[in-house]
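K.L.:
Compact mmCIF, C-alpha atoms, file work.txt:
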# COMPACT_ATOMS: atom_id res chain seq x y z
CA MET A 1 24.90 -6.99 5.76
CA MET A 2 22.21 -8.88 7.69
CA LEU A 3 23.23 -7.77 11.20
CA MET A 4 20.48 -5.64 12.78
CA PRO A 5 21.73 -2.14 13.67
CA PRO A 6 21.23 -0.95 17.26
CA PHE A 7 18.04 0.98 18.12
CA THR A 8 15.84 1.65 21.11
CA LEU A 9 12.45 -0.11 20.98
CA HIS A 10 9.54 1.59 22.74
CA HIS A 11 6.26 -0.09 23.75
CA PRO A 12 3.52 2.47 24.52
CA THR A 13 0.22 0.98 25.69
CA THR A 14 -2.17 3.78 24.74
CA VAL A 15 -2.59 6.11 21.77
CA ASP A 16 -1.96 9.14 24.00
CA GLU A 17 1.25 7.62 25.33
CA ALA A 18 2.42 6.89 21.77
CA CYS A 19 1.74 10.46 20.66
CA GLU A 20 3.48 11.90 23.73
CA LEU A 21 6.51 9.68 23.09
CA ALA A 22 6.63 10.78 19.46
CA ALA A 23 6.43 14.44 20.53
CA ARG A 24 9.33 13.99 22.99
CA LEU A 25 11.55 12.33 20.40
CA MET A 26 10.71 15.00 17.83
CA SER A 27 11.50 17.84 20.24
CA ALA A 28 14.84 16.15 21.05
CA GLY A 29 15.67 15.86 17.35
CA GLU A 30 15.64 12.05 17.52
CA ALA A 31 14.47 10.23 14.38
CA PHE A 32 12.16 7.22 14.77
CA ASP A 33 10.02 4.71 12.93
CA TRP A 34 6.66 3.17 13.81
CA VAL A 35 6.44 -0.62 13.62
CA ALA A 36 3.34 -2.83 13.57
CA GLY A 37 3.97 -6.43 12.48
CA GLY A 38 7.53 -5.71 11.38
CA THR A 39 7.45 -7.85 8.22
CA ASP A 40 8.53 -4.85 6.11
CA LEU A 41 10.53 -2.77 8.58
CA VAL A 42 12.65 -5.55 10.10
CA PRO A 43 14.01 -6.85 6.76
CA ASN A 44 14.80 -3.27 5.75
CA TYR A 45 16.68 -2.71 8.99
CA LYS A 46 18.65 -5.92 8.44
CA TRP A 47 19.65 -4.56 5.02
CA HIS A 48 20.52 -1.24 6.74
CA ILE A 49 17.90 0.58 4.68
CA ASN A 50 16.88 3.94 6.16
CA THR A 51 17.37 2.87 9.78
CA LYS A 52 16.49 5.10 12.76
CA PRO A 53 17.83 5.17 16.35
CA HIS A 54 14.32 4.71 17.81
CA VAL A 55 11.42 2.42 16.89
CA ILE A 56 7.95 2.79 18.44
CA SER A 57 5.88 -0.40 18.43
CA LEU A 58 2.09 -0.25 18.06
CA ALA A 59 1.68 -3.86 19.19
CA LYS A 60 0.65 -3.17 22.79
CA ILE A 61 -1.61 -0.17 22.18
CA GLU A 62 -5.13 -0.90 23.38
CA GLY A 63 -7.90 -0.92 20.80
CA THR A 64 -5.73 -1.12 17.69
CA ASP A 65 -6.83 -4.66 16.80
CA THR A 66 -10.56 -3.87 16.40
CA ILE A 67 -12.14 -5.81 13.55
CA SER A 68 -15.68 -5.48 12.19
CA SER A 69 -17.49 -4.91 8.91
CA ASN A 70 -17.05 -1.13 9.22
CA GLU A 71 -13.83 -0.72 11.23
CA LEU A 72 -10.38 -2.30 11.00
CA GLY A 73 -7.62 -1.39 13.45
CA CYS A 74 -4.03 -0.93 12.31
CA MET A 75 -2.85 -3.98 14.27
CA VAL A 76 -5.33 -6.42 12.72
CA ARG A 77 -3.27 -9.30 11.31
CA LEU A 78 -3.78 -10.08 7.64
CA SER A 79 -4.65 -13.65 8.59
CA GLU A 80 -7.58 -12.24 10.61
CA LEU A 81 -9.09 -10.51 7.58
CA THR A 82 -11.68 -13.21 6.96
CA GLU A 83 -15.36 -13.29 6.08
CA GLU A 84 -15.98 -15.07 9.39
CA ASN A 85 -14.78 -11.87 11.09
CA GLY A 86 -17.18 -9.78 9.02
CA VAL A 87 -14.58 -8.39 6.62
CA HIS A 88 -15.68 -7.52 3.08
CA PRO A 89 -14.96 -10.39 0.64
CA VAL A 90 -12.79 -8.30 -1.71
CA VAL A 91 -10.49 -7.29 1.18
CA VAL A 92 -10.38 -10.95 2.24
CA GLN A 93 -9.48 -11.93 -1.32
CA ALA A 94 -6.57 -9.47 -1.46
CA ALA A 95 -5.31 -10.32 2.04
CA SER A 96 -5.23 -14.04 1.20
CA LYS A 97 -2.84 -13.28 -1.68
CA VAL A 98 -0.25 -11.42 0.40
CA ALA A 99 3.07 -13.28 0.68
CA SER A 100 2.84 -16.60 2.61
CA SER A 101 0.62 -17.84 5.42
CA LEU A 102 3.50 -17.34 7.87
CA ILE A 103 3.92 -13.70 6.83
CA ARG A 104 0.15 -13.10 6.98
CA THR A 105 0.10 -14.31 10.59
CA ASN A 106 2.49 -11.49 11.56
CA ALA A 107 1.83 -8.77 8.97
CA THR A 108 -0.78 -6.14 9.82
CA LEU A 109 -3.31 -4.05 7.94
CA GLY A 110 -1.61 -0.80 8.96
CA GLY A 111 1.78 -2.08 7.89
CA ASN A 112 0.48 -3.19 4.51
CA LEU A 113 -1.16 0.17 3.85
CA CYS A 114 2.02 2.03 4.87
CA LEU A 115 4.32 -0.35 3.00
CA ASP A 116 7.59 1.24 1.91
CA THR A 117 7.99 1.60 -1.84
CA ARG A 118 10.35 -0.85 -3.50
CA CYS A 119 13.04 -0.63 -6.20
CA PHE A 120 15.90 -2.78 -7.52
CA TRP A 121 18.35 -0.04 -6.64
CA TYR A 122 17.06 0.52 -3.11
CA ASN A 123 16.16 -2.92 -1.73
CA GLN A 124 19.73 -4.19 -1.65
CA GLY A 125 22.42 -4.59 0.98
CA GLU A 126 24.32 -1.52 2.17
CA ASP A 127 27.62 -2.60 0.56
CA TRP A 128 25.88 -3.10 -2.82
CA ARG A 129 24.18 0.31 -2.62
CA ARG A 130 27.48 1.94 -1.70
CA SER A 131 29.17 0.28 -4.69
CA ILE A 132 26.83 2.03 -7.12
CA ASP A 133 27.22 5.40 -5.32
CA TRP A 134 23.76 5.04 -3.77
CA CYS A 135 20.47 6.11 -5.32
CA HIS A 136 18.17 9.09 -4.92
CA LYS A 137 15.99 7.39 -2.28
CA ALA A 138 18.96 6.21 -0.18
CA ASP A 139 21.56 8.81 -1.10
CA CYS A 140 23.15 8.93 2.38
CA GLY A 141 23.69 12.65 1.98
CA THR A 142 25.42 12.35 -1.39
CA GLY A 143 22.66 13.88 -3.54
CA ALA A 144 22.75 10.78 -5.77
CA ASP A 145 20.68 10.64 -8.96
CA CYS A 146 17.83 8.21 -9.55
CA ARG A 147 19.12 4.98 -11.14
CA VAL A 148 15.81 4.20 -12.84
CA ILE A 149 15.48 7.60 -14.54
CA PRO A 150 19.11 8.81 -14.81
CA ASN A 151 20.38 12.36 -14.46
CA GLN A 152 17.67 13.59 -12.10
CA ASN A 153 17.38 13.68 -8.33
CA THR A 154 14.06 15.43 -7.84
CA LEU A 155 11.65 12.51 -8.16
CA CYS A 156 11.79 8.99 -6.76
CA VAL A 157 9.89 6.40 -8.84
CA ALA A 158 10.16 3.47 -6.41
CA THR A 159 7.03 1.32 -6.74
CA TYR A 160 4.29 0.80 -4.15
CA GLN A 161 3.58 -2.96 -4.06
CA GLY A 162 0.81 -3.41 -1.48
CA ASP A 163 -2.32 -5.50 -2.10
CA ILE A 164 -4.90 -4.22 0.39
CA ALA A 165 -5.02 -0.51 -0.50
CA PRO A 166 -6.75 -0.81 -3.91
CA THR A 167 -9.52 -2.98 -2.45
CA LEU A 168 -10.21 -0.41 0.28
CA MET A 169 -10.17 2.32 -2.36
CA VAL A 170 -12.92 0.69 -4.41
CA LEU A 171 -15.01 0.35 -1.23
CA GLY A 172 -14.69 4.06 -0.39
CA ALA A 173 -12.76 3.55 2.85
CA SER A 174 -11.26 6.29 5.01
CA VAL A 175 -8.05 6.22 7.05
CA HIS A 176 -7.77 7.70 10.55
CA LEU A 177 -4.40 9.27 11.30
CA ILE A 178 -3.17 10.50 14.67
CA GLY A 179 -0.05 12.12 16.05
CA PRO A 180 1.22 14.86 18.38
CA ASN A 181 -0.76 17.49 16.44
CA GLY A 182 -4.08 15.65 16.78
CA ALA A 183 -6.27 13.35 14.72
CA ARG A 184 -7.59 13.61 11.17
CA THR A 185 -9.57 11.44 8.79
CA ILE A 186 -9.14 11.37 5.00
CA PRO A 187 -10.34 9.17 2.13
CA ILE A 188 -7.82 6.42 1.48
CA ASP A 189 -7.40 7.46 -2.14
CA ALA A 190 -6.06 10.81 -0.82
CA PHE A 191 -3.65 9.09 1.58
CA TYR A 192 -0.95 8.26 -0.96
CA GLN A 193 1.48 10.82 -2.39
CA LEU A 194 3.09 10.47 -5.80
CA ASP A 195 6.69 10.27 -4.62
CA GLY A 196 8.55 7.04 -3.92
CA MET A 197 10.30 8.64 -0.94
CA LYS A 198 7.39 10.41 0.78
CA LYS A 199 4.89 7.61 -0.09
CA ASN A 200 1.91 9.07 1.77
CA VAL A 201 0.62 12.16 3.54
CA LEU A 202 1.62 11.09 7.06
CA GLU A 203 3.24 14.03 8.84
CA GLU A 204 6.18 13.64 11.20
CA GLY A 205 5.04 11.75 14.28
CA GLU A 206 1.74 10.54 12.79
CA PHE A 207 0.67 6.95 12.38
CA LEU A 208 -2.31 5.22 10.80
CA LEU A 209 -4.67 4.25 13.61
CA LYS A 210 -7.55 2.53 11.80
CA VAL A 211 -9.62 2.23 8.64
CA THR A 212 -13.37 2.72 8.43
CA LEU A 213 -15.73 1.75 5.63
CA PRO A 214 -19.02 3.44 4.68
CA ASP A 215 -22.31 1.66 5.32
CA ASP A 216 -22.89 1.06 1.62
CA ALA A 217 -19.61 -0.89 1.30
CA ALA A 218 -21.54 -4.02 2.24
CA LYS A 219 -23.75 -3.53 -0.82
CA ARG A 220 -20.76 -3.68 -3.13
CA THR A 221 -19.51 -6.74 -4.98
CA GLY A 222 -15.74 -6.72 -5.43
CA SER A 223 -12.89 -8.50 -7.20
CA TYR A 224 -9.10 -8.29 -6.95
CA GLN A 225 -6.71 -9.63 -9.58
CA LYS A 226 -2.96 -9.91 -9.02
CA LEU A 227 0.10 -10.56 -11.18
CA ARG A 228 3.21 -11.94 -9.49
CA VAL A 229 6.13 -14.20 -10.30
CA ARG A 230 5.36 -16.90 -7.70
CA ASP A 231 1.78 -17.30 -6.48
CA SER A 232 2.91 -18.55 -3.10
CA TRP A 233 5.10 -15.63 -2.09
CA ASP A 234 5.85 -12.57 -4.20
CA PHE A 235 4.83 -8.93 -4.08
CA PRO A 236 2.39 -7.92 -6.82
CA GLU A 237 3.89 -6.86 -10.13
CA ALA A 238 0.47 -5.44 -11.00
CA GLY A 239 -2.89 -5.52 -9.29
CA VAL A 240 -6.42 -4.37 -10.18
CA ALA A 241 -9.40 -4.08 -7.83
CA ALA A 242 -12.98 -3.43 -8.91
CA SER A 243 -16.31 -3.01 -7.16
CA TRP A 244 -19.86 -1.95 -7.91
CA ILE A 245 -23.34 -2.14 -6.52
CA GLU A 246 -24.97 -4.98 -8.43
CA GLY A 247 -27.34 -3.74 -11.11
CA ASP A 248 -25.78 -0.26 -11.19
CA PRO A 249 -22.83 -0.05 -13.63
CA ASN A 250 -22.51 3.66 -12.84
CA SER A 251 -21.32 2.69 -9.34
CA LEU A 252 -18.23 0.96 -10.78
CA VAL A 253 -14.90 1.89 -9.16
CA LEU A 254 -11.50 0.64 -10.30
CA ALA A 255 -8.09 0.91 -8.61
CA THR A 256 -4.61 -0.29 -9.53
CA THR A 257 -1.50 -1.09 -7.50
CA ALA A 258 2.17 -2.08 -8.01
CA LEU A 259 2.42 -0.05 -11.20
CA GLU A 260 3.51 3.35 -9.92
CA SER A 261 4.68 5.00 -6.69
CA ILE A 262 1.10 4.98 -5.40
CA PRO A 263 -2.01 2.84 -5.73
CA ARG A 264 -4.79 4.88 -7.31
CA THR A 265 -8.35 4.90 -8.56
CA HIS A 266 -9.32 5.54 -12.19
CA PRO A 267 -12.47 7.70 -12.14
CA GLU A 268 -11.75 9.44 -15.45
CA GLU A 269 -11.26 6.20 -17.36
CA VAL A 270 -14.45 4.71 -15.89
CA ALA A 271 -16.46 7.88 -16.58
CA SER A 272 -15.29 8.07 -20.19
CA ILE A 273 -16.45 4.51 -20.90
CA LEU A 274 -19.74 4.75 -19.00
CA GLU A 275 -20.60 8.04 -20.68
CA GLY A 276 -22.09 6.16 -23.60
CA GLY A 277 -23.90 3.66 -21.35
CA TRP A 278 -23.00 0.15 -20.23
CA ASP A 279 -22.64 -2.32 -23.08
CA GLY A 280 -21.48 -5.49 -21.36
CA GLN A 281 -18.38 -7.10 -22.85
CA ALA A 282 -17.77 -4.15 -25.20
CA SER A 283 -17.60 -1.80 -22.21
CA ILE A 284 -15.31 -4.17 -20.31
CA LYS A 285 -12.94 -4.33 -23.28
CA ALA A 286 -12.88 -0.56 -23.72
CA LEU A 287 -12.41 0.00 -20.01
CA SER A 288 -9.52 -2.46 -19.85
CA THR A 289 -7.74 -0.65 -22.67
CA ALA A 290 -8.35 2.75 -21.09
CA VAL A 291 -6.88 1.71 -17.73
CA GLN A 292 -3.91 0.09 -19.47
CA LYS A 293 -3.13 3.34 -21.29
CA SER A 294 -3.30 5.36 -18.07
CA VAL A 295 -0.61 3.52 -16.08
CA LYS A 296 3.14 4.14 -16.36
CA PRO A 297 5.21 1.37 -14.74
CA VAL A 298 9.00 1.76 -14.73
CA ASN A 299 11.84 -0.74 -14.86
CA ASN A 300 12.50 -1.34 -11.16
CA THR A 301 10.67 -4.59 -10.30
CA ALA A 302 11.06 -8.25 -11.28
CA LEU A 303 9.02 -8.12 -14.50
CA PRO A 304 9.63 -5.64 -17.35
CA PRO A 305 7.33 -2.60 -17.46
CA ARG A 306 6.04 -3.35 -20.95
CA TYR A 307 4.77 -6.76 -19.85
CA ARG A 308 3.29 -5.43 -16.62
CA ARG A 309 1.47 -2.70 -18.54
CA SER A 310 0.11 -5.17 -21.07
CA MET A 311 -1.17 -7.37 -18.24
CA VAL A 312 -3.15 -4.46 -16.78
CA ARG A 313 -5.64 -4.89 -19.61
CA VAL A 314 -6.00 -8.60 -18.76
CA LEU A 315 -6.29 -8.02 -15.01
CA THR A 316 -8.86 -5.24 -15.46
CA LYS A 317 -10.96 -7.47 -17.69
CA ARG A 318 -10.79 -10.31 -15.15
CA ALA A 319 -11.61 -7.99 -12.24
CA VAL A 320 -14.70 -6.49 -13.89
CA GLN A 321 -15.88 -9.87 -15.14
CA GLY A 322 -15.41 -11.12 -11.60
CA LEU A 323 -18.18 -8.73 -10.55
CA LEU A 324 -20.58 -10.54 -12.85
CA GLU A 325 -19.92 -14.00 -11.41
So that I can check it, write out the structure of this file as structure tokens.

P.N.:
Amino acid sequence: MMLMPPFTLHHPTTVDEACELAARLMSAGEAFDWVAGGTDLVPNYKWHINTKPHVISLAKIEGTDTISSNELGCMVRLSELTEENGVHPVVVQAASKVASSLIRTNATLGGNLCLDTRCFWYNQGEDWRRSIDWCHKADCGTGADCRVIPNQNTLCVATYQGDIAPTLMVLGASVHLIGPNGARTIPIDAFYQLDGMKKNVLEEGEFLLKVTLPDDAAKRTGSYQKLRVRDSWDFPEAGVAASWIEGDPNSLVLATTALESIPRTHPEEVASILEGGWDGQASIKALSTAVQKSVKPVNNTALPPRYRRSMVRVLTKRAVQGLLE
């Protein structure tokens, strides 16, 4: 089913107007989605996945395309995340590996950070999903069980497969959220919520307005390593980002993506290895093994979870060694 369902598209031009519109729809009991570049939402709507009667576009809102070394608006296109525009090299590296050049011209930073989680049983046409009696994430009111972990309908394990989030995590970025109830700012590693349905901490009516980076982010050297089936197109099957301040191994931060329902940092694994001091290649090897043991991919993407998990060790090693180059 590739026919787009009907919906009303709204084009607010200011943040206040967007929040007021969201408040009106909420008070009327009307469900809605936010859309930025549309490269995730539009395909989902064509597949009739979790569609809503209203869609609010962020494209015409003033000031949402700001781009600098310390601030990135939600409507910044991935193709604009370049070193020439003052963006940190590790974010540039990750952005350049997202999908194809055509997608990157339309896809946005905000959309990539708020990417819907993905699963074999969910990202299918409506007729196919109906034929298997739905799944927990798209149960259509049936109370269907999870198809990945059978006989339970309390937890969705759909996988988050975005590239940009882990790089912002290792730089210590914060996300600025706004909605009818006001604005708030939180660290990006607190933005994601371990549930394939909820995905993040956005409350009803909120959207991600921008990302800011601390001043010391510019001091950090970073590296992002990605596993995917086709280098020219596919979502990550696993990804590892690393950064540190050169000469200070204790500043090392690692983050993974595409392995669980959220991207996340690994402070405990890093701390356990650095506790005995930095020992070059021996520390890199131990750290790679520790991160590998900490992740729990499930069987709902293109590559089997055992292979993806084994590749985490390789990607972590490459990412940390990339800091030394």

K.L.:
Which of these residues is nearest to Gln225 in chain A, using all atoms listed in the file: A:Leu208, A:Met311, A:Leu102, A:Ala190?

P.N.:
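Using all atoms listed in the file, Gln225 in chain A sits closest to A:Met311.
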
K.L.:
Would you kindly return, as a ChimeraX atom specification, each protein, DNA or RNA residue with an atom no farther than 7 Å from any atom of Ala94 in chain A, considering all atoms listed in the file and excluding same-chain residues fewer than 4 positions away?

P.N.:
/A:90,98,163-164,224

K.L.:
Which neighbours of Gly277 in chain A fall inside 12 Å, counting only C-alpha atoms, when residues of the same chain fewer than 6 positions from it are skipped, and could you give them as a compact mmCIF listing (two decimals) with C-alpha atoms, keeping the file's coordinate frame?

P.N.:
# COMPACT_ATOMS: atom_id res chain seq x y z
CA ASP A 248 -25.78 -0.26 -11.19
CA PRO A 249 -22.83 -0.05 -13.63
CA ASN A 250 -22.51 3.66 -12.84
CA VAL A 270 -14.45 4.71 -15.89
CA ALA A 271 -16.46 7.88 -16.58
CA SER A 283 -17.60 -1.80 -22.21
CA ILE A 284 -15.31 -4.17 -20.31

K.L.:
At a cut-off of 12 Å, using all atoms listed in the file, what residues contact Gly280 in chain A? Leave out same-chain residues fewer than 6 positions from it and give the result as number ranges by chain.

P.N.:
A: 247, 249, 273-274, 286-287, 317, 320-321, 323-324

K.L.:
For the selection you just gave me, I'd like the residues written to a file as a tab-separated table (two decimals), keeping the file's coordinate frame, keeping C-alpha atoms.

P.N.:
chain	number	residue	atom	x	y	z
A	247	GLY	CA	-27.34	-3.74	-11.11
A	249	PRO	CA	-22.83	-0.05	-13.63
A	273	ILE	CA	-16.45	4.51	-20.90
A	274	LEU	CA	-19.74	4.75	-19.00
A	286	ALA	CA	-12.88	-0.56	-23.72
A	287	LEU	CA	-12.41	0.00	-20.01
A	317	LYS	CA	-10.96	-7.47	-17.69
A	320	VAL	CA	-14.70	-6.49	-13.89
A	321	GLN	CA	-15.88	-9.87	-15.14
A	323	LEU	CA	-18.18	-8.73	-10.55
A	324	LEU	CA	-20.58	-10.54	-12.85

K.L.:
Please provide the set of residues having any atom within 12 Å of Asp145 in chain A, restricted to all atoms listed in the file, with same-chain residues fewer than 3 positions apart removed, written as a tab-separated table (two decimals) with C-alpha atoms, in the frame of the given file.

P.N.:
chain	number	residue	atom	x	y	z
A	121	TRP	CA	18.35	-0.04	-6.64
A	132	ILE	CA	26.83	2.03	-7.12
A	133	ASP	CA	27.22	5.40	-5.32
A	134	TRP	CA	23.76	5.04	-3.77
A	135	CYS	CA	20.47	6.11	-5.32
A	136	HIS	CA	18.17	9.09	-4.92
A	137	LYS	CA	15.99	7.39	-2.28
A	138	ALA	CA	18.96	6.21	-0.18
A	139	ASP	CA	21.56	8.81	-1.10
A	140	CYS	CA	23.15	8.93	2.38
A	141	GLY	CA	23.69	12.65	1.98
A	142	THR	CA	25.42	12.35	-1.39
A	148	VAL	CA	15.81	4.20	-12.84
A	149	ILE	CA	15.48	7.60	-14.54
A	150	PRO	CA	19.11	8.81	-14.81
A	151	ASN	CA	20.38	12.36	-14.46
A	152	GLN	CA	17.67	13.59	-12.10
A	153	ASN	CA	17.38	13.68	-8.33
A	154	THR	CA	14.06	15.43	-7.84
A	155	LEU	CA	11.65	12.51	-8.16
A	156	CYS	CA	11.79	8.99	-6.76
A	157	VAL	CA	9.89	6.40	-8.84

K.L.:
Record the distance separating CA of Asn300 in chain A and CA of Arg147 in chain A, expressed in Å with one decimal.

P.N.:
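Straight-line distance from CA of Asn300 in chain A to CA of Arg147 in chain A works out to 9.2 Å.
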
K.L.:
Could you pull range 37-53 of chain A out of the block above and give me N, CA and C atoms, as a PDB file, in the first residue's frame?

P.N.:
ATOM      1  N   GLY A  37      12.408  17.186   7.411  1.00  0.00           N
ATOM      2  CA  GLY A  37      12.723  16.901   6.017  1.00  0.00           C
ATOM      3  C   GLY A  37      11.783  15.902   5.381  1.00  0.00           C
ATOM      4  N   GLY A  38      11.169  15.052   6.205  1.00  0.00           N
ATOM      5  CA  GLY A  38      10.184  14.087   5.711  1.00  0.00           C
ATOM      6  C   GLY A  38      10.743  12.794   5.178  1.00  0.00           C
ATOM      7  N   THR A  39      12.078  12.596   5.235  1.00  0.00           N
ATOM      8  CA  THR A  39      12.649  11.387   4.637  1.00  0.00           C
ATOM      9  C   THR A  39      12.367  10.131   5.463  1.00  0.00           C
ATOM     10  N   ASP A  40      11.932  10.288   6.699  1.00  0.00           N
ATOM     11  CA  ASP A  40      11.515   9.143   7.519  1.00  0.00           C
ATOM     12  C   ASP A  40       9.994   9.085   7.597  1.00  0.00           C
ATOM     13  N   LEU A  41       9.361  10.205   7.859  1.00  0.00           N
ATOM     14  CA  LEU A  41       7.915  10.230   8.056  1.00  0.00           C
ATOM     15  C   LEU A  41       7.144   9.893   6.784  1.00  0.00           C
ATOM     16  N   VAL A  42       7.535  10.483   5.655  1.00  0.00           N
ATOM     17  CA  VAL A  42       6.775  10.277   4.416  1.00  0.00           C
ATOM     18  C   VAL A  42       6.767   8.801   3.987  1.00  0.00           C
ATOM     19  N   PRO A  43       7.917   8.099   3.960  1.00  0.00           N
ATOM     20  CA  PRO A  43       7.853   6.674   3.640  1.00  0.00           C
ATOM     21  C   PRO A  43       6.976   5.890   4.608  1.00  0.00           C
ATOM     22  N   ASN A  44       7.028   6.221   5.886  1.00  0.00           N
ATOM     23  CA  ASN A  44       6.172   5.535   6.856  1.00  0.00           C
ATOM     24  C   ASN A  44       4.700   5.784   6.568  1.00  0.00           C
ATOM     25  N   TYR A  45       4.356   7.001   6.196  1.00  0.00           N
ATOM     26  CA  TYR A  45       2.963   7.291   5.863  1.00  0.00           C
ATOM     27  C   TYR A  45       2.534   6.533   4.608  1.00  0.00           C
ATOM     28  N   LYS A  46       3.440   6.406   3.644  1.00  0.00           N
ATOM     29  CA  LYS A  46       3.092   5.648   2.435  1.00  0.00           C
ATOM     30  C   LYS A  46       2.844   4.174   2.750  1.00  0.00           C
ATOM     31  N   TRP A  47       3.550   3.667   3.760  1.00  0.00           N
ATOM     32  CA  TRP A  47       3.337   2.284   4.196  1.00  0.00           C
ATOM     33  C   TRP A  47       2.179   2.187   5.199  1.00  0.00           C
ATOM     34  N   HIS A  48       1.525   3.327   5.469  1.00  0.00           N
ATOM     35  CA  HIS A  48       0.422   3.388   6.444  1.00  0.00           C
ATOM     36  C   HIS A  48       0.893   2.941   7.832  1.00  0.00           C
ATOM     37  N   ILE A  49       2.069   3.439   8.220  1.00  0.00           N
ATOM     38  CA  ILE A  49       2.625   3.124   9.531  1.00  0.00           C
ATOM     39  C   ILE A  49       2.366   4.292  10.475  1.00  0.00           C
ATOM     40  N   ASN A  50       1.510   4.081  11.453  1.00  0.00           N
ATOM     41  CA  ASN A  50       1.266   5.045  12.524  1.00  0.00           C
ATOM     42  C   ASN A  50       0.930   6.434  11.978  1.00  0.00           C
ATOM     43  N   THR A  51       0.013   6.509  11.061  1.00  0.00           N
ATOM     44  CA  THR A  51      -0.352   7.793  10.446  1.00  0.00           C
ATOM     45  C   THR A  51      -1.246   8.620  11.377  1.00  0.00           C
ATOM     46  N   LYS A  52      -1.233   9.939  11.174  1.00  0.00           N
ATOM     47  CA  LYS A  52      -2.037  10.861  11.982  1.00  0.00           C
ATOM     48  C   LYS A  52      -2.849  11.766  11.039  1.00  0.00           C
ATOM     49  N   PRO A  53      -3.955  12.323  11.515  1.00  0.00           N
ATOM     50  CA  PRO A  53      -4.785  13.178  10.648  1.00  0.00           C
ATOM     51  C   PRO A  53      -4.196  14.569  10.416  1.00  0.00           C
TER      52      PRO A  53
END
